[in-house]
>>> print(open('entry16.txt').read())   # compact mmCIF, C-alpha atoms
# COMPACT_ATOMS: atom_id res chain seq x y z
CA MET G 32 0.00 0.00 0.00
CA THR G 33 1.57 3.29 -1.11
CA SER G 34 1.57 6.30 1.18
CA ARG G 35 -0.57 8.23 -1.33
CA PHE G 36 -3.22 5.51 -1.43
CA ARG G 37 -3.16 5.28 2.37
CA GLU G 38 -3.71 9.04 2.65
CA GLN G 39 -6.65 8.90 0.23
CA LEU G 40 -8.15 5.95 2.10
CA GLU G 41 -7.81 7.72 5.44
CA GLU G 42 -9.31 10.90 3.99
CA ALA G 43 -12.27 8.93 2.62
CA LEU G 44 -12.97 6.85 5.73
CA PHE G 45 -11.95 9.09 8.61
CA PRO G 46 -14.85 11.62 8.54
CA PRO G 47 -17.66 9.02 8.30
CA VAL G 48 -16.09 6.81 10.97
CA VAL G 49 -15.66 9.73 13.35
CA ALA G 50 -19.21 10.90 12.62
CA LEU G 51 -20.65 7.46 13.34
CA PHE G 52 -18.62 7.19 16.55
CA VAL G 53 -19.83 10.59 17.77
CA ALA G 54 -23.42 9.75 16.80
CA LEU G 55 -23.17 6.44 18.66
CA ILE G 56 -22.05 8.18 21.85
CA CYS G 57 -24.80 10.80 21.57
CA GLY G 58 -27.34 8.08 20.83
CA ASP G 59 -26.32 6.12 23.93
CA ILE G 60 -26.70 9.22 26.11
CA LEU G 61 -30.14 10.02 24.67
CA ILE G 62 -31.40 6.46 25.01
CA MET G 63 -30.23 6.19 28.64
CA SER G 64 -31.89 9.54 29.40
CA TYR G 65 -35.19 7.76 28.65
CA GLY G 66 -34.28 4.92 31.01
CA GLN G 67 -33.73 2.43 28.20
CA SER G 68 -30.84 0.15 27.35
CA PRO G 69 -28.91 1.22 24.20
CA ALA G 70 -28.39 -2.43 23.25
CA HIS G 71 -32.15 -3.10 23.47
CA VAL G 72 -33.06 -0.03 21.37
CA TYR G 73 -30.43 -0.71 18.72
CA GLY G 74 -31.63 -4.32 18.61
CA LEU G 75 -35.18 -3.11 17.93
CA LEU G 76 -33.87 -0.77 15.24
CA LEU G 77 -32.05 -3.57 13.43
CA GLU G 78 -34.98 -5.96 13.82
CA GLY G 79 -37.36 -3.41 12.31
CA THR G 80 -35.13 -2.72 9.32
CA TRP G 81 -32.71 -5.47 8.30
CA GLY G 82 -34.35 -8.14 10.46
CA ASN G 83 -37.47 -8.74 8.34
CA ALA G 84 -38.36 -8.57 4.67
CA TYR G 85 -40.95 -5.80 4.98
CA GLY G 86 -38.62 -3.52 6.94
CA PHE G 87 -35.77 -4.22 4.56
CA GLY G 88 -38.06 -3.45 1.62
CA GLN G 89 -38.87 -0.08 3.15
CA VAL G 90 -35.16 0.57 3.61
CA ILE G 91 -34.58 -0.21 -0.07
CA TYR G 92 -37.38 2.14 -1.09
CA LYS G 93 -36.00 5.02 0.97
CA THR G 94 -32.45 4.26 -0.15
CA THR G 95 -33.54 4.60 -3.77
CA THR G 96 -34.80 8.17 -3.47
CA LEU G 97 -31.88 9.22 -1.26
CA THR G 98 -29.40 7.80 -3.77
CA PHE G 99 -30.80 10.06 -6.48
CA THR G 100 -30.83 13.19 -4.32
CA GLY G 101 -27.42 12.37 -2.84
CA LEU G 102 -25.93 11.96 -6.31
CA ALA G 103 -27.49 15.26 -7.37
CA VAL G 104 -26.01 17.17 -4.46
CA SER G 105 -22.61 15.47 -4.75
CA LEU G 106 -22.34 16.38 -8.44
CA GLY G 107 -22.87 20.03 -7.56
CA ILE G 108 -20.31 19.91 -4.75
CA ARG G 109 -17.78 18.33 -7.13
CA ALA G 110 -18.19 21.47 -9.25
CA GLY G 111 -17.81 23.73 -6.20
CA LEU G 112 -21.56 24.43 -5.99
CA PHE G 113 -24.10 23.78 -3.24
CA ASN G 114 -27.36 22.59 -4.77
CA VAL G 115 -29.88 23.03 -1.96
CA GLY G 116 -32.79 22.66 -4.38
CA ALA G 117 -32.95 18.88 -4.70
CA GLU G 118 -36.29 18.89 -2.86
CA SER G 119 -38.08 20.95 -5.52
CA GLN G 120 -36.17 19.26 -8.35
CA LEU G 121 -37.32 15.88 -7.04
CA ALA G 122 -40.92 17.12 -6.87
CA ALA G 123 -40.76 18.61 -10.37
CA GLY G 124 -39.42 15.33 -11.72
CA GLY G 125 -42.18 13.34 -10.07
CA PHE G 126 -44.78 15.79 -11.36
CA LEU G 127 -43.70 15.62 -14.99
CA ALA G 128 -43.38 11.83 -14.76
CA ALA G 129 -47.00 11.71 -13.60
CA ILE G 130 -48.10 14.05 -16.39
CA ALA G 131 -46.34 11.85 -18.95
CA GLY G 132 -47.94 8.74 -17.43
CA LEU G 133 -51.37 10.39 -17.65
CA ILE G 134 -50.92 11.49 -21.26
CA LEU G 135 -49.60 8.19 -22.55
CA SER G 136 -52.13 5.58 -23.62
CA PRO G 137 -52.39 2.45 -21.44
CA VAL G 138 -51.87 0.32 -24.57
CA ILE G 139 -48.30 1.61 -24.94
CA PRO G 140 -45.86 -1.11 -23.79
CA GLY G 141 -43.94 -0.49 -20.61
CA ALA G 142 -40.64 -0.77 -22.49
CA ILE G 143 -41.61 2.47 -24.24
CA ALA G 144 -43.72 4.21 -21.61
CA ILE G 145 -41.26 3.84 -18.71
CA PRO G 146 -38.30 5.44 -20.53
CA LEU G 147 -40.56 8.28 -21.71
CA CYS G 148 -41.74 8.93 -18.14
CA MET G 149 -38.15 8.76 -16.89
CA LEU G 150 -37.14 11.27 -19.54
CA ALA G 151 -39.95 13.57 -18.42
CA ALA G 152 -38.80 13.26 -14.80
CA ALA G 153 -35.21 14.14 -15.69
CA LEU G 154 -36.47 17.03 -17.82
CA GLY G 155 -38.55 18.42 -14.95
CA GLY G 156 -35.66 18.32 -12.49
CA GLY G 157 -33.19 19.54 -15.10
CA ILE G 158 -35.25 22.65 -15.88
CA VAL G 159 -35.48 23.54 -12.19
CA GLY G 160 -31.73 22.94 -11.84
CA ALA G 161 -30.91 25.00 -14.92
CA ILE G 162 -32.52 28.14 -13.47
CA PRO G 163 -29.94 28.70 -10.69
CA GLY G 164 -27.24 27.64 -13.16
CA PHE G 165 -28.26 30.35 -15.62
CA LEU G 166 -28.63 33.00 -12.90
CA ARG G 167 -25.22 32.09 -11.47
CA VAL G 168 -23.47 32.38 -14.83
CA ARG G 169 -25.37 35.38 -16.20
CA PHE G 170 -25.84 37.53 -13.10
CA GLY G 171 -23.53 36.03 -10.48
CA ALA G 172 -26.49 35.07 -8.26
CA HIS G 173 -25.36 32.61 -5.61
CA GLU G 174 -26.84 29.16 -6.17
CA VAL G 175 -27.54 28.55 -2.48
CA ILE G 176 -29.91 31.52 -2.22
CA VAL G 177 -31.56 30.80 -5.59
CA THR G 178 -32.12 27.09 -4.95
CA ILE G 179 -33.55 27.76 -1.48
CA MET G 180 -36.00 30.27 -2.91
CA LEU G 181 -36.88 27.97 -5.80
CA ASN G 182 -37.83 25.25 -3.33
CA PHE G 183 -40.66 27.46 -2.05
CA VAL G 184 -41.69 28.68 -5.50
CA ILE G 185 -41.70 25.32 -7.30
CA LEU G 186 -43.38 23.37 -4.50
CA ALA G 187 -46.08 26.04 -4.13
CA LEU G 188 -46.59 26.16 -7.91
CA LEU G 189 -46.96 22.37 -8.20
CA ASN G 190 -49.31 22.32 -5.24
CA TRP G 191 -51.46 25.02 -6.86
CA ILE G 192 -51.59 23.18 -10.19
CA VAL G 193 -52.59 19.91 -8.56
CA ALA G 194 -55.11 21.51 -6.20
CA THR G 195 -56.84 23.53 -8.92
CA ARG G 196 -56.43 21.48 -12.09
CA LEU G 197 -55.41 17.89 -11.58
CA HIS G 198 -56.51 16.62 -8.21
CA VAL G 199 -58.87 13.77 -7.53
CA PRO G 200 -61.79 15.21 -5.48
CA GLU G 201 -61.11 15.37 -1.71
CA THR G 202 -57.45 14.45 -2.22
CA LEU G 203 -54.17 16.26 -2.94
CA HIS G 204 -52.98 13.90 -5.65
CA THR G 205 -53.45 13.46 -9.37
CA PRO G 206 -55.38 10.58 -10.95
CA GLU G 207 -53.45 7.34 -11.31
CA ILE G 208 -51.16 7.18 -14.33
CA HIS G 209 -52.21 5.18 -17.37
CA ALA G 210 -48.80 3.94 -18.42
CA GLY G 211 -45.22 3.72 -17.19
CA SER G 212 -45.59 1.86 -13.88
CA ILE G 213 -42.47 0.10 -12.57
CA PRO G 214 -42.93 -3.37 -11.00
CA ARG G 215 -42.64 -3.65 -7.21
CA LEU G 216 -40.31 -6.16 -5.64
CA ASP G 217 -43.17 -8.07 -3.98
CA GLU G 218 -44.28 -9.11 -7.47
CA LEU G 219 -40.97 -10.96 -7.77
CA ILE G 220 -40.30 -11.87 -4.13
CA SER G 221 -43.44 -12.47 -2.08
CA ALA G 222 -41.64 -11.83 1.22
CA PHE G 223 -41.54 -8.11 0.37
CA HIS G 224 -45.37 -8.00 0.37
CA GLY G 225 -46.64 -4.62 1.54
CA SER G 226 -43.36 -2.77 1.22
CA ALA G 227 -42.88 0.06 -1.26
CA ALA G 228 -39.62 -1.30 -2.72
CA ASN G 229 -39.60 -1.50 -6.48
CA LEU G 230 -37.22 -1.94 -9.39
CA THR G 231 -36.32 1.75 -9.39
CA ILE G 232 -33.44 0.70 -7.12
CA ILE G 233 -31.77 -0.74 -10.23
CA VAL G 234 -32.13 2.62 -11.99
CA ALA G 235 -30.57 4.33 -8.95
CA ILE G 236 -27.56 2.01 -9.00
CA LEU G 237 -27.15 2.51 -12.75
CA ALA G 238 -27.35 6.27 -12.21
CA ALA G 239 -24.49 6.01 -9.70
CA VAL G 240 -22.44 4.02 -12.23
CA VAL G 241 -23.08 6.60 -14.96
CA VAL G 242 -22.20 9.50 -12.65
CA SER G 243 -18.99 7.72 -11.64
CA PHE G 244 -18.04 7.16 -15.29
CA PHE G 245 -18.86 10.77 -16.12
CA LEU G 246 -16.79 12.18 -13.26
CA PHE G 247 -13.71 9.99 -13.57
CA ARG G 248 -13.62 8.83 -17.21
CA THR G 249 -14.75 11.77 -19.34
CA ARG G 250 -13.26 15.14 -20.25
CA HIS G 251 -16.36 17.00 -19.07
CA GLY G 252 -16.14 15.20 -15.72
CA TYR G 253 -12.49 16.14 -15.41
CA GLU G 254 -13.31 19.78 -16.14
CA LEU G 255 -16.11 19.71 -13.58
CA ARG G 256 -13.80 18.38 -10.87
CA ALA G 257 -11.08 20.85 -11.85
CA VAL G 258 -13.49 23.77 -11.55
CA GLY G 259 -14.64 22.47 -8.18
CA LEU G 260 -11.10 22.28 -6.87
CA GLN G 261 -9.80 25.58 -8.22
CA PRO G 262 -11.94 27.59 -10.67
CA ASP G 263 -9.27 30.21 -11.35
CA ALA G 264 -6.69 27.60 -12.30
CA ALA G 265 -9.24 25.75 -14.43
CA GLU G 266 -10.13 28.94 -16.26
CA TYR G 267 -6.44 29.68 -16.84
CA GLY G 268 -6.18 26.18 -18.32
CA GLY G 269 -8.87 26.98 -20.88
CA VAL G 270 -11.97 25.62 -19.13
CA ASN G 271 -15.22 27.56 -19.57
CA VAL G 272 -16.05 27.84 -15.85
CA GLY G 273 -19.50 29.34 -16.40
CA GLY G 274 -20.43 26.57 -18.83
CA VAL G 275 -19.31 23.93 -16.36
CA TRP G 276 -21.38 25.48 -13.57
CA PHE G 277 -24.47 25.64 -15.78
CA ARG G 278 -24.08 22.01 -16.89
CA ALA G 279 -23.38 20.85 -13.35
CA LEU G 280 -26.54 22.37 -11.88
CA THR G 281 -28.66 21.21 -14.82
CA LEU G 282 -27.37 17.65 -14.54
CA SER G 283 -27.73 17.79 -10.78
CA GLY G 284 -31.37 18.80 -11.13
CA ALA G 285 -32.00 16.10 -13.74
CA ILE G 286 -30.65 13.38 -11.43
CA ALA G 287 -32.75 14.63 -8.51
CA GLY G 288 -35.81 14.80 -10.76
CA LEU G 289 -35.27 11.25 -11.95
CA GLY G 290 -35.69 10.18 -8.33
CA GLY G 291 -39.37 11.14 -8.60
CA ILE G 292 -40.12 7.95 -10.51
CA ASN G 293 -39.54 5.93 -7.34
CA TYR G 294 -42.78 7.25 -5.87
CA VAL G 295 -44.82 8.04 -8.97
CA LEU G 296 -44.02 5.04 -11.19
CA GLY G 297 -42.91 2.49 -8.61
CA TYR G 298 -45.10 3.06 -5.56
CA LYS G 299 -48.28 5.16 -5.63
CA HIS G 300 -48.62 5.63 -9.40
CA TYR G 301 -49.71 9.25 -9.00
CA TYR G 302 -48.15 12.57 -8.01
CA GLU G 303 -49.04 13.74 -4.51
CA ASP G 304 -48.24 17.03 -2.86
CA GLY G 305 -45.40 16.59 -0.35
CA PHE G 306 -44.34 13.16 -1.57
CA ALA G 307 -40.65 14.14 -1.39
CA GLY G 308 -40.92 14.28 2.40
CA GLY G 309 -37.55 16.00 2.90
CA SER G 310 -35.58 13.51 0.80
CA GLY G 311 -34.10 16.39 -1.18
CA PHE G 312 -32.74 18.08 1.92
CA LEU G 313 -31.50 14.79 3.35
CA GLY G 314 -29.64 14.28 0.07
CA ILE G 315 -27.20 16.96 1.29
CA ALA G 316 -26.33 14.77 4.28
CA VAL G 317 -26.08 11.70 2.06
CA ALA G 318 -23.63 13.46 -0.25
CA LEU G 319 -21.46 14.70 2.62
CA VAL G 320 -21.33 11.39 4.46
CA GLY G 321 -20.74 9.58 1.15
CA ARG G 322 -17.78 11.91 0.52
CA ASN G 323 -19.32 12.92 -2.84
CA HIS G 324 -18.33 9.61 -4.38
CA PRO G 325 -21.11 7.63 -6.14
CA LEU G 326 -20.34 4.44 -4.21
CA GLY G 327 -20.15 6.37 -0.96
CA VAL G 328 -23.48 8.00 -1.77
CA ILE G 329 -25.18 4.61 -2.13
CA LEU G 330 -23.78 3.43 1.21
CA ALA G 331 -24.70 6.70 2.93
CA ALA G 332 -28.22 6.52 1.46
CA LEU G 333 -28.54 3.01 2.87
CA PHE G 334 -27.38 4.27 6.27
CA PHE G 335 -29.83 7.18 6.43
CA ALA G 336 -32.67 5.02 5.08
CA THR G 337 -31.99 2.51 7.85
CA LEU G 338 -32.11 5.27 10.46
CA SER G 339 -35.30 6.68 8.96
CA GLN G 340 -37.11 3.34 8.90
CA GLY G 341 -35.59 2.35 12.24
CA GLY G 342 -37.11 5.40 13.88
CA LEU G 343 -40.53 3.83 13.36
CA ALA G 344 -39.35 0.55 14.91
CA ILE G 345 -38.11 2.14 18.14
CA HIS G 346 -40.95 4.61 18.58
CA ALA G 347 -42.59 2.38 21.20
CA VAL G 348 -39.67 2.79 23.65
CA VAL G 349 -38.06 6.13 22.69
CA PRO G 350 -39.31 9.04 20.53
CA LYS G 351 -38.61 8.48 16.84
CA GLN G 352 -37.32 12.07 16.71
CA MET G 353 -34.21 10.74 18.42
CA VAL G 354 -33.18 9.35 15.02
CA GLU G 355 -33.45 12.81 13.51
CA VAL G 356 -31.15 14.11 16.26
CA LEU G 357 -28.63 11.40 15.40
CA GLN G 358 -28.85 12.33 11.72
CA GLY G 359 -28.08 15.93 12.66
CA VAL G 360 -25.08 14.85 14.73
CA VAL G 361 -23.72 12.80 11.83
CA ILE G 362 -24.17 15.71 9.42
CA LEU G 363 -22.42 18.18 11.72
CA ALA G 364 -19.53 15.83 12.46
CA VAL G 365 -18.93 15.08 8.78
CA ALA G 366 -19.43 18.65 7.60
CA MET G 367 -16.78 19.84 10.02
CA SER G 368 -14.19 17.56 8.48
CA VAL G 369 -15.02 17.32 4.77
CA PRO G 370 -12.49 19.27 2.64
CA GLU G 371 -15.01 20.03 -0.11
CA VAL G 372 -17.28 21.72 2.42
CA ARG G 373 -14.44 23.82 3.75
CA ARG G 374 -13.49 24.85 0.21
CA ALA G 375 -17.11 25.68 -0.69
CA LEU G 376 -17.50 27.78 2.44
CA GLN G 377 -14.29 29.63 1.63
CA GLN G 378 -15.47 30.30 -1.92
CA ALA G 379 -18.87 31.43 -0.64
CA ARG G 380 -17.12 34.20 1.28
CA LYS G 381 -15.61 35.50 -1.97
CA PRO G 382 -17.59 37.80 -4.31
CA ALA G 383 -19.63 35.77 -6.84
CA ARG G 384 -18.09 35.55 -10.33
CA ALA G 385 -20.00 37.11 -13.20
>>> encode(input="entry16.txt", output="structure tokens")
Amino acid sequence: MTSRFREQLEEALFPPVVALFVALICGDILIMSYGQSPAHVYGLLLEGTWGNAYGFGQVIYKTTTLTFTGLAVSLGIRAGLFNVGAESQLAAGGFLAAIAGLILSPVIPGAIAIPLCMLAAALGGGIVGAIPGFLRVRFGAHEVIVTIMLNFVILALLNWIVATRLHVPETLHTPEIHAGSIPRLDELISAFHGSAANLTIIVAILAAVVVSFFLFRTRHGYELRAVGLQPDAAEYGGVNVGGVWFRALTLSGAIAGLGGINYVLGYKHYYEDGFAGGSGFLGIAVALVGRNHPLGVILAALFFATLSQGGLAIHAVVPKQMVEVLQGVVILAVAMSVPEVRRALQQARKPARA
């Protein structure tokens, strides 16, 4: 093992390991404050998630959405940008996927309808992601402020459209789609009966593979990483920094939007207001804990999905909000030690480039 490889390995593993260790200590203190045994509570958490097929199916379902949003955020961070708008990009993707599923005829084969709905989902998220990209390049508007504001605007706009034009009476969701549904895992493995897990997990894994190839095997990926590390040096080397930022935020939005198919095509088969449920915001934590690497993002998504589902399993003995506290501890611990975050914060203090 070379010293360089050892340094990279330590840099990749040290922050998550420290974060988990700190979270474990905080979790023990919180659990004991409720008069419970940490071993008993953690046992319940594992039993309710990895210990039975239904719980594991729910973990897979939540992992799927978090993988998409985590990949979206990590792509932006690789370019030196903080995409805080994955929540609205995810919702926009789910909305356009539902619209495509409603427009398409039910006689259209799934092999055609599903890709068309996926394309619509990526288009929806990509458009929402392109807005802060354009404003950043054209006017120097900081992407953090723009994406935060867009979350409110886009979510309110979609809610208004559904509530006034597309809703089923006495509900906040659209009619069920006609075409483009993705099979659930319980159709293939009966033990998953009742869980929301579906074959979108395969799409999420493929998305991680494609992002990894793009980042580490293509010229555009190299330029994106170069801009993220040092935009001035990249520009001196002939890279169009503004173009990279615009592409990065557009692609980031498209990936987040693609995550909408997990709910719309794979689970409920309609768009519903609030279906994202904070998965876009949690994608920031997934990206940080996963060290902005596609494989790390998948593992981090699995970790946060386990905590999320486990919170329901331990609610009988301790408040499920304890899991949210642990998630916050993990995020803080990792954010304090991730180099990309430190660089992004340093760049945020500088005047925005026109």
>>> axis_aligned_box(input="entry16.txt", around="range 59-63 of chain G", padding_each_side="8 Å", output="lines of an AutoDock Vina configuration file")
center_x = -28.9
center_y = 8.1
center_z = 26.3
size_x = 21.1
size_y = 19.9
size_z = 20.7
>>> residues_around(input="entry16.txt", residues="Pro262 in chain G", least_positions_apart="4", cutoff="9 Å", atoms="only C-alpha atoms", output="ChimeraX atom specification")
/G:110-111,257-258,266-267,270,272
>>> residues_around(input="entry16.txt", residues="Leu133 in chain G", least_positions_apart="4", cutoff="9 Å", atoms="all atoms listed in the file", output="list in words")
Ala128, Ala129, Pro137, Pro206, Glu207, Ile208, His209, Ala210 and Tyr301 of chain G
>>> closest_residue(input="entry16.txt", among="G:Gly342, G:Gly211, G:Gly321, G:Gly156", to="Leu282 in chain G", atoms="only C-alpha atoms")
G:Gly156
>>> atom_distance(input="entry16.txt", atom1="CA of Ser212 in chain G", atom2="CA of Glu303 in chain G")
15.5 Å
>>> residues_around(input="entry16.txt", residues="Glu174 in chain G", least_positions_apart="3", cutoff="10 Å", atoms="all atoms listed in the file", output="CSV table (one decimal) with C-alpha atoms, in the coordinates of the input")
chain,number,residue,atom,x,y,z
G,112,LEU,CA,-21.6,24.4,-6.0
G,113,PHE,CA,-24.1,23.8,-3.2
G,114,ASN,CA,-27.4,22.6,-4.8
G,115,VAL,CA,-29.9,23.0,-2.0
G,116,GLY,CA,-32.8,22.7,-4.4
G,160,GLY,CA,-31.7,22.9,-11.8
G,162,ILE,CA,-32.5,28.1,-13.5
G,163,PRO,CA,-29.9,28.7,-10.7
G,164,GLY,CA,-27.2,27.6,-13.2
G,165,PHE,CA,-28.3,30.4,-15.6
G,166,LEU,CA,-28.6,33.0,-12.9
G,167,ARG,CA,-25.2,32.1,-11.5
G,168,VAL,CA,-23.5,32.4,-14.8
G,171,GLY,CA,-23.5,36.0,-10.5
G,177,VAL,CA,-31.6,30.8,-5.6
G,178,THR,CA,-32.1,27.1,-5.0
G,179,ILE,CA,-33.6,27.8,-1.5
G,180,MET,CA,-36.0,30.3,-2.9
G,276,TRP,CA,-21.4,25.5,-13.6
G,280,LEU,CA,-26.5,22.4,-11.9
G,379,ALA,CA,-18.9,31.4,-0.6
G,383,ALA,CA,-19.6,35.8,-6.8
>>> closest_residue(input="entry16.txt", among="G:Ala172, G:Ala187, G:Leu296, G:Ala117", to="Ala103 in chain G", atoms="all atoms listed in the file")
G:Ala117
>>> closest_residue(input="entry16.txt", among="G:Val199, G:Leu61, G:Ala331, G:Leu230", to="Met353 in chain G", atoms="all atoms listed in the file")
G:Leu61
>>> closest_residue(input="entry16.txt", among="G:Thr195, G:Gln358, G:Thr100, G:Gln67", to="Asn323 in chain G", atoms="all atoms listed in the file")
G:Thr100
>>> atom_distance(input="entry16.txt", atom1="CA of Val365 in chain G", atom2="CA of Gly327 in chain G")
13.1 Å
>>> closest_residue(input="entry16.txt", among="G:Leu127, G:Val356, G:Ile345, G:Ala336", to="Phe87 in chain G", atoms="all atoms listed in the file")
G:Ala336
>>> atom_distance(input="entry16.txt", atom1="CA of Asn271 in chain G", atom2="CA of Ala161 in chain G")
16.6 Å
